[in-house]
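Participant: I have a structure here, written as structure tokens, and I will follow up with some questions on it.
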Amino acid sequence: MFGFSKKDNKEERKSQPEYLALVAKWDTFLAKMETRFTESLVHAEEAILDNLEANNYDMSANMTAWSGIKSQLEGLGEKIEQTFDDKVQPQMLDYVERWDIIDQYQKGSELSYSFSRRIERFEIELEGKIAQEFYNHAIQLLNEDFHCSQCSGKLEVKKDIFRSHYVGCGYCNTVNTFVPSDKITEIRWVVDNIAKHKVLKEWDEKNAAHKHCQSFRSLNKGDDKTPLAKAYDNWEIKENAFWTNYFTERAAFLPEYQETIKHDVSVKMNLYFYDNKKRSDLNKN
């Protein structure tokens, strides 16, 4: 084989025209996968929102459709890793050593990981939009059929559509009882999706703060822990803000949870923050 031998130094090996051509081909493949993924997200949102109306706001059917699309999106990340293992790496190893292509592996791995994170965020947005569409539709239908038992005047259910409650008639002052249908009661979980979507900004901020904490290298005995401590303080603030706002938004739709906001936030903080902090380098001697 013409060109350099694997025995040559690293820079010489990685400067071979044949190897550089493989790198360029790999970069082109990754760029195409990025474009395909981005376009797929746009098409997914359009398809799922259209499917909601086409299926007469059947949330179960809609979530099944999204599950199938989500699996396809996750498959794009898997394809990147499989392509590298089955095709890219074997060809590159004809010219360089295994440790020479770590950077090429990392490019694919980082893109694949970014797909997972973006799918997670996209799912919050999509499910929030779907849930809000359903909620608006449900309220509209309920209000069309809800009339005063005494004077037949039209009554309006504004928010609490998931539990029985009293609604006064503005025409004859009769107190009427609103009773949600079984279907409405069963899908009260849509409120969780609406609430999380409403606090997406806080979700981004708490994840960024967490990632910053993870970026610190392992500390050794005697190292200054001040920067890491400040990073954890910031993460604590952002994590608390997310859960507080999330449970507050949820309680706006489900008033029975108003009294449990503080407790619910505490449970989530222990699960997602304090347990992590206990295992961090801050507590190592």
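Chains: A, B, ... in order of the structure tokens. Residues: from 1 per chain. Ligands: from 1, in order shown.
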What parts of segment 8-246 of chain A does DSSP call alpha helix (DSSP H)? I'd like the answer as number ranges by chain.

Facilitator: A: 10-14, 17-54, 59-83, 89-92, 102-145, 182-186, 190-198, 200-214, 226-246

Participant: Considering only C-alpha atoms, return as a PyMOL selection string whatever protein or nucleic-acid residues lie within 9 Å of segment 24-41 of chain A, sequence-local ones (same chain, fewer than 2 positions apart) excluded.

Facilitator: chain A and resi 19-22+43-46+73+76-77+80+84+88+104+107-108+111+115+119+122

Participant: To one decimal in Å, tell me the separation between atom CA of Pro227 of chain A and atom CA of Gln214 of chain A.

Facilitator: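 Answer for the atom CA of Pro227 of chain A to atom CA of Gln214 of chain A separation: 12.2 Å.
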
Participant: For the atom pair atom CA of Glu259 of chain A and atom CA of Phe178 of chain A, what is the interatomic distance in Å to one decimal place?

Facilitator: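 We find that atom CA of Glu259 of chain A and atom CA of Phe178 of chain A lie 22.8 Å from each other.
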
Participant: Rounded to one decimal, what separation in Å do you get between atom CA of Phe162 of chain A and atom CA of Thr185 of chain A?

Facilitator: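 Interatomic distance here is 5.3 Å.
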
Participant: For Thr244 of chain A, please output as a list in words all residues within 12 Å (counting only C-alpha atoms; exclusion window: fewer than 3 positions along the same chain).

Facilitator: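 Here the qualifying residues turn out to be Ala195, Lys196, Val199, Glu202, Trp203, Glu236, Ile237, Lys238, Glu239, Asn240, Ala241, Phe247, Thr248, Glu249, Arg250, Ala251, Gln258, Thr260, Ile261, Lys262, His263, Asp264, Val265, Ser266, Val267, Lys268 and Met269 of chain A.
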
Participant: Restricting the calculation to only C-alpha atoms, which member of A:Leu155, A:Ala208, A:Val179, A:Ile187 is positioned closest to Met63 of chain A?

Facilitator: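 The shortest atom-to-atom distance to Met63 of chain A comes from A:Ile187.
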
Participant: Applying 12 Å and only C-alpha atoms, which residues near Met59 of chain A remain after dropping the ones on its own chain fewer than 5 positions away? List them as a ChimeraX atom specification.

Facilitator: /A:48-49,51-54,64-66,127,130-135,137-138,183-184,186-190

Participant: Which one of A:Lys198, A:Lys230, A:Lys79, A:Lys284 sits closest to Phe242 of chain A if you count only C-alpha atoms?

Facilitator: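 For Phe242 of chain A, the nearest of the candidates is A:Lys198.
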
Participant: Can you list, as a list in words, every protein, DNA or RNA residue that comes within 9 Å of segment 169-175 of chain A when you count only C-alpha atoms, leaving out same-chain residues fewer than 5 positions away?

Facilitator: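 That gives His147, Cys148, Ser149, Gln150, Cys151, Gly153, Lys154 and Leu155 of chain A.
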
Participant: Using backbone DSSP assignments, extract all strand (DSSP E or B) residues from segment 147-200 of chain A; output them as a list in words.

Facilitator: His147, Lys154, His165, Tyr166, Val167, Gly168, Val175, Asn176, Thr177 and Phe178 of chain A

Participant: I want to know what sits within 12 Å of Leu228 of chain A, based on only C-alpha atoms, with residues of the same chain fewer than 2 positions away left out; could you give that as an NGL selection string?

Facilitator: :A and (209-219 or 223-226 or 230-235 or 277 or 280-283)
